[in-house]
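target-v3.cif (mmCIF, C-alpha atoms) appears below.
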data_entry
#
loop_
_atom_site.label_atom_id
_atom_site.label_comp_id
_atom_site.auth_asym_id
_atom_site.auth_seq_id
_atom_site.Cartn_x
_atom_site.Cartn_y
_atom_site.Cartn_z
CA MET A 27 84.33 -13.45 135.51
CA LEU A 28 81.07 -11.69 136.35
CA ILE A 29 79.76 -12.28 132.83
CA PHE A 30 80.64 -15.97 133.11
CA ILE A 31 78.73 -16.25 136.41
CA ILE A 32 75.67 -14.55 134.92
CA ILE A 33 75.69 -16.87 131.90
CA LEU A 34 76.07 -19.90 134.19
CA TRP A 35 73.21 -18.69 136.37
CA LEU A 36 70.95 -18.22 133.35
CA ASP A 37 71.81 -21.72 132.13
CA ILE A 38 70.89 -23.15 135.54
CA ILE A 39 67.56 -21.30 135.54
CA THR A 40 66.79 -22.56 132.02
CA CYS A 41 67.66 -26.15 132.93
CA LYS A 42 65.41 -26.01 135.99
CA SER A 43 62.50 -24.78 133.83
CA ILE A 44 62.85 -27.63 131.32
CA ASP A 45 60.21 -30.32 131.76
CA LYS A 46 62.01 -33.67 131.86
CA ASN A 47 58.68 -35.34 131.01
CA GLY A 48 58.76 -33.70 127.59
CA TYR A 49 56.55 -31.46 125.46
CA VAL A 50 53.69 -31.67 122.97
CA VAL A 51 53.32 -29.22 120.08
CA TYR A 52 51.04 -29.31 117.04
CA CYS A 53 49.72 -27.36 114.11
CA PRO A 54 46.07 -26.29 114.76
CA CYS A 55 45.42 -26.67 111.08
CA MET A 56 41.85 -27.99 110.92
CA GLY A 57 39.45 -25.32 109.75
CA ARG A 58 38.74 -22.08 111.55
CA PHE A 59 38.49 -21.20 115.22
CA GLY A 60 35.54 -23.41 116.21
CA ASN A 61 37.21 -26.55 114.87
CA GLN A 62 40.58 -25.62 116.36
CA ALA A 63 38.96 -25.04 119.75
CA GLU A 64 37.31 -28.48 119.66
CA GLN A 65 40.68 -30.12 119.13
CA PHE A 66 42.44 -27.88 121.64
CA ILE A 67 40.38 -29.48 124.41
CA GLY A 68 41.52 -32.91 123.22
CA ALA A 69 45.15 -31.78 122.95
CA LEU A 70 45.06 -30.49 126.53
CA ALA A 71 43.65 -33.82 127.72
CA PHE A 72 46.25 -35.71 125.65
CA ALA A 73 49.17 -33.79 127.17
CA LYS A 74 47.74 -34.28 130.66
CA GLY A 75 47.35 -38.02 130.06
CA ILE A 76 51.00 -38.56 129.10
CA ASN A 77 52.22 -35.90 131.57
CA ARG A 78 53.98 -33.69 129.03
CA THR A 79 53.86 -29.90 128.92
CA LEU A 80 51.50 -28.63 126.24
CA ILE A 81 53.02 -25.96 124.01
CA LEU A 82 50.22 -23.49 123.25
CA PRO A 83 50.31 -22.84 119.50
CA PRO A 84 49.03 -19.63 117.96
CA TRP A 85 45.53 -19.80 116.52
CA VAL A 86 45.41 -20.10 112.74
CA THR A 87 43.18 -17.58 111.05
CA TYR A 88 42.73 -15.86 107.71
CA SER A 89 42.39 -12.30 106.47
CA SER A 90 40.57 -10.99 103.42
CA ARG A 91 43.78 -9.10 102.64
CA MET A 92 45.86 -12.33 102.56
CA ILE A 93 43.47 -14.98 101.26
CA TYR A 94 46.20 -17.38 100.12
CA LYS A 95 48.17 -17.41 103.36
CA SER A 96 47.12 -18.13 106.93
CA LEU A 97 47.91 -15.85 109.84
CA GLN A 98 49.09 -16.88 113.29
CA ILE A 99 47.49 -15.16 116.29
CA ASN A 100 49.29 -15.63 119.60
CA PHE A 101 47.29 -17.85 121.94
CA ASP A 102 47.26 -15.26 124.72
CA ARG A 103 45.80 -12.54 122.52
CA TRP A 104 42.43 -14.23 122.97
CA PHE A 105 42.83 -16.43 126.07
CA LYS A 106 44.62 -16.33 129.40
CA VAL A 107 47.44 -18.76 130.13
CA ASN A 108 47.34 -18.86 133.95
CA PRO A 109 43.92 -20.58 134.27
CA LEU A 110 45.17 -23.40 132.02
CA GLN A 111 48.25 -23.79 134.22
CA SER A 112 45.98 -24.50 137.18
CA TYR A 113 44.96 -27.68 135.34
CA HIS A 114 48.21 -28.73 133.64
CA ARG A 115 51.61 -27.44 132.57
CA VAL A 116 51.48 -25.22 129.47
CA ILE A 117 53.84 -22.78 127.79
CA LEU A 118 53.32 -20.33 124.94
CA MET A 119 54.96 -21.50 121.72
CA GLU A 120 56.74 -18.17 121.31
CA GLU A 121 58.34 -18.57 124.75
CA PHE A 122 59.26 -22.20 124.16
CA MET A 123 60.95 -21.49 120.84
CA GLU A 124 62.89 -18.54 122.20
CA LYS A 125 64.01 -19.88 125.57
CA LEU A 126 63.88 -23.69 125.54
CA SER A 127 64.09 -25.04 122.00
CA PRO A 128 67.80 -24.17 121.54
CA LYS A 129 68.57 -26.47 124.47
CA ILE A 130 66.22 -29.42 123.97
CA TRP A 131 64.92 -29.11 120.39
CA PRO A 132 67.61 -27.62 118.17
CA PRO A 133 67.06 -27.68 114.38
CA GLU A 134 69.08 -30.88 113.88
CA LYS A 135 66.84 -32.82 116.30
CA ARG A 136 63.41 -31.78 115.10
CA LYS A 137 61.27 -34.74 114.14
CA GLY A 138 57.65 -34.58 113.04
CA PHE A 139 54.89 -37.05 113.91
CA CYS A 140 51.81 -38.21 112.03
CA TYR A 141 49.54 -41.24 112.20
CA SER A 142 50.78 -42.72 108.93
CA PHE A 143 53.13 -41.77 106.12
CA ARG A 144 51.81 -40.36 102.87
CA ASN A 145 52.67 -42.67 99.98
CA ASN A 146 54.70 -44.74 102.47
CA LYS A 147 57.41 -42.08 102.50
CA GLU A 148 56.99 -39.45 105.22
CA CYS A 149 54.59 -37.19 107.08
CA ALA A 150 53.44 -34.19 105.07
CA MET A 151 54.29 -31.84 107.95
CA LYS A 152 54.60 -28.65 105.90
CA GLU A 153 52.64 -29.43 102.79
CA GLY A 154 50.14 -26.76 101.82
CA ASN A 155 48.42 -23.94 103.68
CA PRO A 156 48.11 -23.58 106.67
CA PHE A 157 50.69 -26.27 107.50
CA GLY A 158 53.65 -24.66 105.78
CA PRO A 159 53.03 -21.08 106.97
CA PHE A 160 52.42 -22.28 110.53
CA TRP A 161 55.78 -24.03 110.97
CA ASP A 162 57.58 -21.40 108.90
CA HIS A 163 56.29 -18.75 111.31
CA PHE A 164 58.74 -20.24 113.82
CA ASN A 165 61.41 -21.21 111.26
CA ILE A 166 60.77 -24.88 111.98
CA SER A 167 61.74 -27.62 109.54
CA PHE A 168 61.97 -31.34 110.24
CA VAL A 169 64.98 -33.57 109.68
CA SER A 170 62.79 -36.67 109.67
CA THR A 171 59.26 -37.83 110.43
CA ILE A 172 57.82 -40.72 112.45
CA GLU A 173 54.55 -42.65 112.29
CA HIS A 174 52.51 -43.29 115.42
CA LYS A 175 50.22 -45.77 113.69
CA GLY A 176 48.04 -47.65 116.18
CA LEU A 177 48.16 -44.94 118.83
CA LEU A 178 45.21 -42.57 119.13
CA TRP A 179 44.54 -39.63 121.44
CA ASN A 180 42.51 -40.54 124.52
CA THR A 181 45.43 -40.89 126.93
CA LEU A 182 43.37 -39.41 129.76
CA GLY A 183 40.63 -42.03 129.68
CA ASP A 184 42.41 -45.09 128.30
CA ALA A 185 45.34 -46.57 130.26
CA TYR A 186 46.37 -48.79 127.34
CA THR A 187 46.68 -45.76 125.01
CA ARG A 188 48.52 -43.78 127.67
CA GLN A 189 51.10 -46.51 128.27
CA GLY A 190 51.48 -47.03 124.53
CA TRP A 191 52.62 -43.44 124.04
CA ILE A 192 54.92 -43.41 127.06
CA GLN A 193 56.62 -46.69 126.16
CA ARG A 194 56.90 -46.16 122.43
CA PHE A 195 58.04 -42.54 122.62
CA PRO A 196 59.86 -41.98 125.94
CA SER A 197 60.69 -38.37 126.73
CA PHE A 198 64.43 -39.01 127.13
CA LYS A 199 64.54 -40.06 123.47
CA PHE A 200 61.76 -37.82 122.15
CA PRO A 201 61.68 -34.66 124.27
CA VAL A 202 59.22 -32.99 121.87
CA LEU A 203 56.31 -34.66 120.12
CA ALA A 204 55.55 -32.34 117.20
CA PHE A 205 52.32 -33.35 115.44
CA GLN A 206 51.19 -32.59 111.93
CA GLY A 207 47.70 -31.85 113.31
CA ALA A 208 46.09 -31.59 116.71
CA PRO A 209 46.40 -34.63 119.01
CA GLY A 210 42.74 -34.46 119.91
CA ASN A 211 39.42 -35.85 118.69
CA PHE A 212 37.13 -33.92 116.40
CA PRO A 213 34.61 -33.08 117.58
CA SER A 214 35.74 -33.04 121.21
CA LEU A 215 34.84 -35.99 123.42
CA ARG A 216 32.01 -35.40 125.86
CA GLU A 217 34.22 -36.48 128.77
CA HIS A 218 36.78 -33.78 127.93
CA GLN A 219 34.41 -30.83 127.58
CA TYR A 220 34.63 -29.87 131.26
CA LEU A 221 38.14 -28.62 130.45
CA GLN A 222 36.50 -25.57 128.88
CA LYS A 223 36.26 -24.09 132.39
CA TYR A 224 40.02 -23.45 132.23
CA VAL A 225 39.63 -21.48 128.99
CA GLU A 226 39.18 -17.84 129.96
CA PHE A 227 38.98 -14.83 127.65
CA SER A 228 41.94 -12.47 127.68
CA ASP A 229 41.54 -9.02 129.21
CA GLN A 230 41.71 -7.53 125.72
CA LEU A 231 38.86 -9.70 124.45
CA ASN A 232 36.78 -9.16 127.59
CA ASN A 233 37.21 -5.41 127.28
CA GLN A 234 36.25 -5.38 123.60
CA ALA A 235 33.07 -7.33 124.34
CA ASP A 236 32.20 -5.33 127.46
CA ASP A 237 32.72 -2.04 125.61
CA TYR A 238 30.28 -3.13 122.92
CA ILE A 239 27.70 -4.28 125.47
CA LYS A 240 28.03 -1.00 127.39
CA ASN A 241 28.17 1.42 124.48
CA GLU A 242 26.00 -0.24 121.83
CA LEU A 243 23.59 -2.36 123.89
CA ASN A 244 23.46 0.34 126.57
CA GLY A 245 24.37 -2.19 129.22
CA ASN A 246 21.02 -3.96 128.84
CA GLN A 247 20.40 -7.65 129.36
CA TYR A 248 20.04 -9.38 126.00
CA ILE A 249 19.26 -12.48 124.00
CA ALA A 250 22.08 -13.58 121.67
CA ILE A 251 21.81 -15.89 118.68
CA HIS A 252 24.33 -17.45 116.34
CA LEU A 253 23.26 -18.12 112.75
CA ARG A 254 25.55 -20.51 110.88
CA ASN A 255 24.18 -20.06 107.38
CA GLY A 256 27.23 -19.74 105.15
CA GLN A 257 27.25 -21.54 101.81
CA ASP A 258 29.59 -24.28 103.04
CA MET A 259 27.15 -25.28 105.79
CA LEU A 260 24.14 -25.03 103.49
CA GLY A 261 25.89 -27.43 101.11
CA ILE A 262 26.33 -29.94 103.91
CA CYS A 263 22.69 -29.56 104.90
CA ASP A 264 21.57 -30.26 101.33
CA ASP A 265 23.41 -33.60 101.51
CA LEU A 266 22.47 -34.38 105.12
CA ASP A 267 20.98 -37.79 104.28
CA LYS A 268 24.43 -39.00 103.23
CA TYR A 269 25.80 -38.69 106.76
CA GLN A 270 25.49 -41.38 109.40
CA GLY A 271 25.42 -40.44 113.08
CA SER A 272 26.69 -37.06 114.23
CA ILE A 273 28.49 -34.47 112.13
CA PHE A 274 30.55 -31.56 113.44
CA SER A 275 28.92 -30.55 116.75
CA SER A 276 25.46 -31.97 116.04
CA ALA A 277 25.66 -34.20 119.13
CA GLN A 278 24.91 -31.14 121.26
CA CYS A 279 21.40 -31.39 119.78
CA THR A 280 20.96 -35.08 118.98
CA GLY A 281 22.73 -36.45 122.06
CA TYR A 282 26.11 -38.18 122.22
CA ASP A 283 24.44 -41.56 121.79
CA ASN A 284 22.27 -40.32 118.90
CA GLU A 285 19.14 -40.21 121.03
CA LYS A 286 17.52 -37.89 118.49
CA LYS A 287 17.55 -37.91 114.72
CA LEU A 288 19.51 -35.14 113.05
CA THR A 289 16.96 -33.18 111.02
CA HIS A 290 17.20 -30.59 108.27
CA GLU A 291 15.64 -28.02 110.63
CA MET A 292 18.55 -28.58 113.02
CA CYS A 293 21.05 -28.17 110.20
CA ASN A 294 19.45 -25.36 108.22
CA PRO A 295 16.49 -23.91 110.12
CA SER A 296 14.06 -21.88 108.06
CA LYS A 297 13.62 -18.18 108.68
CA THR A 298 10.16 -19.01 110.03
CA GLU A 299 11.66 -21.42 112.59
CA ILE A 300 14.38 -18.96 113.58
CA ILE A 301 12.02 -16.04 114.09
CA SER A 302 9.46 -18.23 115.88
CA LEU A 303 11.99 -19.47 118.44
CA VAL A 304 13.31 -15.95 119.05
CA LYS A 305 9.74 -14.73 119.64
CA LYS A 306 9.18 -17.52 122.16
CA CYS A 307 12.38 -16.54 123.92
CA ILE A 308 11.39 -12.87 124.06
CA LYS A 309 7.99 -13.74 125.54
CA ALA A 310 9.52 -16.10 128.11
CA THR A 311 12.40 -13.88 129.21
CA LYS A 312 10.79 -10.42 128.81
CA LEU A 313 14.08 -9.25 127.29
CA ASN A 314 13.88 -6.62 124.54
CA VAL A 315 17.43 -6.60 123.15
CA LEU A 316 18.57 -9.10 120.50
CA TYR A 317 22.17 -9.57 119.40
CA ILE A 318 22.95 -11.51 116.21
CA ALA A 319 26.26 -13.12 115.25
CA THR A 320 26.62 -14.87 111.91
CA ASP A 321 29.07 -15.96 109.24
CA ASN A 322 26.75 -14.84 106.46
CA ASP A 323 23.14 -13.55 106.62
CA ASN A 324 22.21 -11.79 109.87
CA MET A 325 18.53 -11.51 108.88
CA LEU A 326 18.60 -8.02 110.39
CA ASN A 327 15.74 -6.63 108.31
CA ASP A 328 13.63 -9.75 108.88
CA PHE A 329 14.00 -9.45 112.63
CA LYS A 330 13.30 -5.72 112.71
CA LYS A 331 10.10 -6.29 110.73
CA GLU A 332 8.86 -9.34 112.66
CA LEU A 333 9.74 -8.08 116.14
CA ILE A 334 8.35 -4.57 115.83
CA GLN A 335 5.35 -5.48 118.00
CA PHE A 336 7.69 -6.50 120.83
CA LYS A 337 9.62 -3.21 120.69
CA VAL A 338 12.88 -5.13 120.51
CA SER A 339 16.16 -3.46 119.62
CA VAL A 340 18.16 -5.61 117.20
CA TYR A 341 21.96 -5.44 116.83
CA SER A 342 24.57 -7.16 114.70
CA ARG A 343 28.17 -6.11 115.16
CA LYS A 344 30.17 -4.51 112.38
CA GLY A 345 33.72 -4.13 113.63
CA LEU A 346 36.54 -1.96 112.41
CA PHE A 347 38.55 -3.32 109.49
CA GLU A 348 41.72 -3.47 111.57
CA GLU A 349 39.90 -5.76 114.01
CA GLU A 350 39.09 -8.29 111.30
CA VAL A 351 41.03 -11.22 112.76
CA ASP A 352 39.51 -10.56 116.20
CA GLU A 353 35.97 -10.21 114.90
CA PRO A 354 34.78 -13.82 115.42
CA LEU A 355 36.23 -13.92 118.93
CA ILE A 356 34.60 -10.64 119.94
CA ASP A 357 31.32 -12.19 118.76
CA ILE A 358 32.02 -15.32 120.80
CA ALA A 359 32.65 -13.24 123.92
CA ILE A 360 29.43 -11.24 123.42
CA LEU A 361 27.45 -14.44 122.84
CA SER A 362 28.98 -16.04 125.94
CA LYS A 363 28.01 -13.08 128.13
CA SER A 364 24.37 -13.04 126.99
CA ASN A 365 21.42 -13.69 129.28
CA TYR A 366 19.99 -16.23 126.87
CA PHE A 367 21.76 -17.95 123.99
CA ILE A 368 20.36 -19.71 120.92
CA GLY A 369 22.90 -21.50 118.77
CA SER A 370 23.20 -23.54 115.59
CA CYS A 371 23.26 -27.30 116.14
CA LEU A 372 26.12 -28.30 113.84
CA SER A 373 28.31 -25.30 114.50
CA THR A 374 31.56 -25.73 116.44
CA PHE A 375 31.41 -21.95 116.94
CA SER A 376 28.08 -22.32 118.76
CA ALA A 377 29.49 -25.34 120.62
CA PHE A 378 32.34 -23.23 122.02
CA VAL A 379 29.82 -20.69 123.35
CA ARG A 380 27.68 -23.46 124.88
CA ARG A 381 30.69 -25.02 126.65
CA GLN A 382 31.87 -21.61 127.82
CA ARG A 383 28.49 -21.00 129.43
CA GLU A 384 27.70 -24.47 130.75
CA THR A 385 31.08 -24.94 132.44
CA ARG A 386 30.32 -21.70 134.30
CA GLY A 387 26.87 -22.86 135.40
CA ILE A 388 24.85 -20.96 132.78
CA SER A 389 22.19 -23.25 131.32
CA ASN A 390 19.97 -20.69 129.58
CA ASN A 391 20.84 -22.12 126.17
CA THR A 392 19.02 -23.79 123.31
CA PHE A 393 19.40 -24.42 119.57
CA PHE A 394 17.41 -23.76 116.45
CA GLY A 395 15.54 -26.86 115.33
CA LEU A 396 15.05 -28.31 118.83
CA ASN A 397 11.69 -26.67 119.55
CA SER A 398 12.58 -26.52 123.23
CA MET A 399 13.70 -23.88 125.70
CA ASN A 400 15.38 -23.92 129.08
CA ILE A 401 14.58 -20.76 131.01
CA LYS A 402 16.02 -20.52 134.52
CA ASN A 403 16.40 -17.74 137.04
CA GLU A 404 19.93 -16.92 135.83
CA LEU A 405 18.58 -13.87 134.01
#

Could I get this file's structure written as structure tokens?
Amino acid sequence: MLIFIIILWLDIITCKSIDKNGYVVYCPCMGRFGNQAEQFIGALAFAKGINRTLILPPWVTYSSRMIYKSLQINFDRWFKVNPLQSYHRVILMEEFMEKLSPKIWPPEKRKGFCYSFRNNKECAMKEGNPFGPFWDHFNISFVSTIEHKGLLWNTLGDAYTRQGWIQRFPSFKFPVLAFQGAPGNFPSLREHQYLQKYVEFSDQLNNQADDYIKNELNGNQYIAIHLRNGQDMLGICDDLDKYQGSIFSSAQCTGYDNEKKLTHEMCNPSKTEIISLVKKCIKATKLNVLYIATDNDNMLNDFKKELIQFKVSVYSRKGLFEEEVDEPLIDIAILSKSNYFIGSCLSTFSAFVRRQRETRGISNNTFFGLNSMNIKNEL
């Protein structure tokens, strides 16, 4: 009898915690962290617009030890959940799958959503990497798939879009909208970027960054730069004339209405331009510590040679091998905590840092190729 009462009580608690307005889940399967973070902002706005709980998926990343298979990093390893809940209802995907999915999204009721069918047959929900490994991580397969052709993502700013989703896919019939990719624009819409203020680093990530600043930078104030000079970006820069309007996060330099022309110096600044802007920053801020984050060439020797007259200490983090998947996020946290930040115009990685700083009132930021600086008394 006692066991029956306990089971009944647990069922009641579970039922009360179920959101009758429904849920949104998706595979964050576009590129690496910077791209995923751009679309996360849109997904959060999308869920808010249609008043469904957003299921926080793990971040998709890759390891040099498993180059043919993606890895899933729990959302809360890098970011806190509670600040997001102050804006809108969210739940970790691990918690949803364990506690709620057996009730409202059992295997026989799992349907996938995409904008349009491939070859007029179905959504390719699990085709390829990282799509397959992501859903397999939670043992999720789909019994059928559904098109949402004609419906886009801006449910927060467009009443017609919002009503379209609610009417076409009511929560009583579709308790979970499971998307092939993120239900958010890429890059993120300017009107959604304020949502970054609800994205706070986890204690683990904060501690890793603070430990480095304390132990390696000796607790000094510092300038931080991000160099996006990997071969993939250089290839895009070589073909820059083929692109119309903005590309990736270039609007943070050209303006969201293309007020400025996107130049090759914005895309692939020369070493001369990079060193020149850093020198200007050192002279203006009087700071003598430089931190460099990069996906390829950190120009460490170039900086040490060119900045010797300024007596500047130059650092570029080399983490432990076991921290490999955390490495980019530790860099992001260190960049975000800097006293002055210089980023790369097209980089979504740099864009995350800029949003993280600007939504917290820190405007000491600029970008290579702009030939401008914004020095305020935030130092």

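By only C-alpha atoms, and with residues fewer than 5 positions from region 318-322 of chain A along its chain excluded, the set lying at most 9 Å from it is Ile249, Ala250, Ile251, His252, Leu253, Arg254, Asn255, Gly256, Gln257, Val340, Tyr341, Ser342, Arg343, Pro354, Asp357, Ile358, Ile360 and Leu361 of chain A.
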
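Residues captured in this structure file are Gln219, Tyr220, Leu221, Gln222, Lys223, Gln278, Ser362, Lys363, Tyr366, Phe367, Ala377, Phe378, Val379, Arg380, Arg381, Gln382, Arg383, Thr385, Arg386, Gly387, Ile388, Ser389, Asn390, Asn391, Thr392 and Glu404 of chain A, according to the PyMOL selection byres ((chain A and resi 384) around 12).
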
message: Applying the PyMOL selection byres ((chain A and resi 153) around 12) to the file I just gave you, which residues come out? Please list them as a PyMOL selection string.
response: chain A and resi 53+55+144+148-152+154-162+167+206-207

Near-Leu243 (chain A) list (10 Å; all atoms listed in the file; drop same-chain fewer than 5 positions) as JSON, numbers by chain: {"A": [236, 237, 238, 248, 315, 316, 317, 339, 340, 341]}

message: For this structure, which residues satisfy the selection - the PyMOL selection byres ((chain A and resi 172) around 12) - when it is evaluated on the file as given? I want them as a list in words.
response: Arg136, Lys137, Gly138, Phe139, Cys140, Tyr141, Ser142, Phe143, Arg144, Asn146, Lys147, Glu148, Cys149, Ala150, Met151, Phe168, Val169, Ser170, Thr171, Glu173, His174, Lys175, Arg194, Phe195, Phe200, Leu203, Ala204, Phe205 and Gln206 of chain A

statement: Correct to one decimal, the distance CA of His163 (chain A)-CA of Phe66 (chain A) is 19.5 Å

message: From (37.4, -23.7, 115.3), in the file's coordinates, out to 12 Å: which residues are reached, counting all atoms listed in the file? Answer as an NGL selection string.
response: :A and (54-67 or 85-87 or 208 or 212-214 or 274-275 or 354-355 or 358 or 373-379)

Please identify all polymer residues within 10 Å of Ser127 (chain A), counting only C-alpha atoms, omitting same-chain residues fewer than 6 positions from it, and present them as a PDB file with C-alpha atoms, keeping the file's coordinate frame.
ATOM      1  CA  ILE A  44      62.850 -27.630 131.320  1.00  0.00           C
ATOM      2  CA  MET A 119      54.960 -21.500 121.720  1.00  0.00           C
ATOM      3  CA  GLU A 121      58.340 -18.570 124.750  1.00  0.00           C
ATOM      4  CA  PRO A 133      67.060 -27.680 114.380  1.00  0.00           C
ATOM      5  CA  ARG A 136      63.410 -31.780 115.100  1.00  0.00           C
ATOM      6  CA  VAL A 202      59.220 -32.990 121.870  1.00  0.00           C
TER       7      VAL A 202
END

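Distances here use all atoms listed in the file; by that measure, the residue among A:Gly245, A:Pro201, A:Gly210, A:Pro128 closest to Thr181 (chain A) is A:Gly210.
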
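A straight line drawn from CA of Lys297 (chain A) to CA of Glu353 (chain A) is 24.5 Å long.
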
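For the pair CA of Glu291 (chain A) and CA of Leu396 (chain A), the interatomic distance is 8.2 Å.
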
- prompt: Using all atoms listed in the file, which residues sit within 12 Å of Gln189 (chain A) once same-chain residues fewer than 5 positions away are excluded, as a ChimeraX atom specification?
  reply: /A:75-77,177-184,194-196

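All residues of protein, DNA or RNA that reach within 7 Å of Pro83 (chain A), judged by all atoms listed in the file and not counting those fewer than 4 positions away in the chain, are Tyr52, Phe101, Leu118 and Met119 of chain A.
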
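The smallest atom-to-atom distance between Leu82 (chain A) and any of A:Leu333, A:Cys293, A:Ile117, A:Leu97, using all atoms listed in the file, is found for A:Ile117.
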
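The residue that comes closest to Asn233 (chain A), out of A:Ile300, A:Ile356, A:Ala185, A:Met123 and on the basis of only C-alpha atoms, is A:Ile356.
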
Repair of region 251-257 of chain A at the level of all heavy atoms, as a PDB file, in the frame of the given file:
ATOM      1  N   ILE A 251      21.968 -14.722 119.549  1.00  0.00           N
ATOM      2  CA  ILE A 251      21.810 -15.890 118.680  1.00  0.00           C
ATOM      3  C   ILE A 251      22.994 -15.985 117.730  1.00  0.00           C
ATOM      4  O   ILE A 251      23.624 -14.989 117.393  1.00  0.00           O
ATOM      5  CB  ILE A 251      20.486 -15.840 117.882  1.00  0.00           C
ATOM      6  CG1 ILE A 251      20.513 -14.698 116.854  1.00  0.00           C
ATOM      7  CG2 ILE A 251      19.295 -15.695 118.813  1.00  0.00           C
ATOM      8  CD1 ILE A 251      19.305 -14.695 115.922  1.00  0.00           C
ATOM      9  N   HIS A 252      23.288 -17.218 117.340  1.00  0.00           N
ATOM     10  CA  HIS A 252      24.330 -17.450 116.340  1.00  0.00           C
ATOM     11  C   HIS A 252      23.709 -18.164 115.147  1.00  0.00           C
ATOM     12  O   HIS A 252      23.170 -19.278 115.287  1.00  0.00           O
ATOM     13  CB  HIS A 252      25.466 -18.301 116.899  1.00  0.00           C
ATOM     14  CG  HIS A 252      26.488 -18.665 115.861  1.00  0.00           C
ATOM     15  ND1 HIS A 252      26.940 -19.955 115.666  1.00  0.00           N
ATOM     16  CD2 HIS A 252      27.125 -17.905 114.913  1.00  0.00           C
ATOM     17  CE1 HIS A 252      27.808 -19.970 114.677  1.00  0.00           C
ATOM     18  NE2 HIS A 252      27.947 -18.751 114.212  1.00  0.00           N
ATOM     19  N   LEU A 253      23.792 -17.536 113.983  1.00  0.00           N
ATOM     20  CA  LEU A 253      23.260 -18.120 112.750  1.00  0.00           C
ATOM     21  C   LEU A 253      24.425 -18.604 111.903  1.00  0.00           C
ATOM     22  O   LEU A 253      25.230 -17.816 111.431  1.00  0.00           O
ATOM     23  CB  LEU A 253      22.460 -17.063 111.972  1.00  0.00           C
ATOM     24  CG  LEU A 253      21.282 -16.421 112.703  1.00  0.00           C
ATOM     25  CD1 LEU A 253      20.646 -15.346 111.824  1.00  0.00           C
ATOM     26  CD2 LEU A 253      20.253 -17.474 113.096  1.00  0.00           C
ATOM     27  N   ARG A 254      24.499 -19.913 111.726  1.00  0.00           N
ATOM     28  CA  ARG A 254      25.550 -20.510 110.880  1.00  0.00           C
ATOM     29  C   ARG A 254      24.925 -20.845 109.541  1.00  0.00           C
ATOM     30  O   ARG A 254      24.433 -21.958 109.319  1.00  0.00           O
ATOM     31  CB  ARG A 254      26.128 -21.751 111.574  1.00  0.00           C
ATOM     32  CG  ARG A 254      27.222 -22.479 110.783  1.00  0.00           C
ATOM     33  CD  ARG A 254      28.484 -21.617 110.636  1.00  0.00           C
ATOM     34  NE  ARG A 254      29.607 -22.426 110.150  1.00  0.00           N
ATOM     35  CZ  ARG A 254      29.886 -22.581 108.859  1.00  0.00           C
ATOM     36  NH1 ARG A 254      29.128 -21.994 107.930  1.00  0.00           N
ATOM     37  NH2 ARG A 254      30.921 -23.328 108.496  1.00  0.00           N
ATOM     38  N   ASN A 255      24.884 -19.864 108.641  1.00  0.00           N
ATOM     39  CA  ASN A 255      24.180 -20.060 107.380  1.00  0.00           C
ATOM     40  C   ASN A 255      25.031 -19.730 106.153  1.00  0.00           C
ATOM     41  O   ASN A 255      24.511 -19.340 105.101  1.00  0.00           O
ATOM     42  CB  ASN A 255      22.883 -19.241 107.359  1.00  0.00           C
ATOM     43  CG  ASN A 255      23.111 -17.773 107.722  1.00  0.00           C
ATOM     44  OD1 ASN A 255      24.217 -17.259 107.552  1.00  0.00           O
ATOM     45  ND2 ASN A 255      22.074 -17.104 108.212  1.00  0.00           N
ATOM     46  N   GLY A 256      26.352 -19.904 106.294  1.00  0.00           N
ATOM     47  CA  GLY A 256      27.230 -19.740 105.150  1.00  0.00           C
ATOM     48  C   GLY A 256      27.025 -20.830 104.120  1.00  0.00           C
ATOM     49  O   GLY A 256      26.464 -21.896 104.415  1.00  0.00           O
ATOM     50  N   GLN A 257      27.491 -20.596 102.906  1.00  0.00           N
ATOM     51  CA  GLN A 257      27.250 -21.540 101.810  1.00  0.00           C
ATOM     52  C   GLN A 257      27.851 -22.910 102.079  1.00  0.00           C
ATOM     53  O   GLN A 257      27.304 -23.925 101.636  1.00  0.00           O
ATOM     54  CB  GLN A 257      27.811 -20.956 100.503  1.00  0.00           C
ATOM     55  CG  GLN A 257      26.995 -19.805  99.935  1.00  0.00           C
ATOM     56  CD  GLN A 257      25.552 -20.203  99.657  1.00  0.00           C
ATOM     57  OE1 GLN A 257      25.271 -21.255  99.073  1.00  0.00           O
ATOM     58  NE2 GLN A 257      24.627 -19.350 100.072  1.00  0.00           N
TER      59      GLN A 257
END
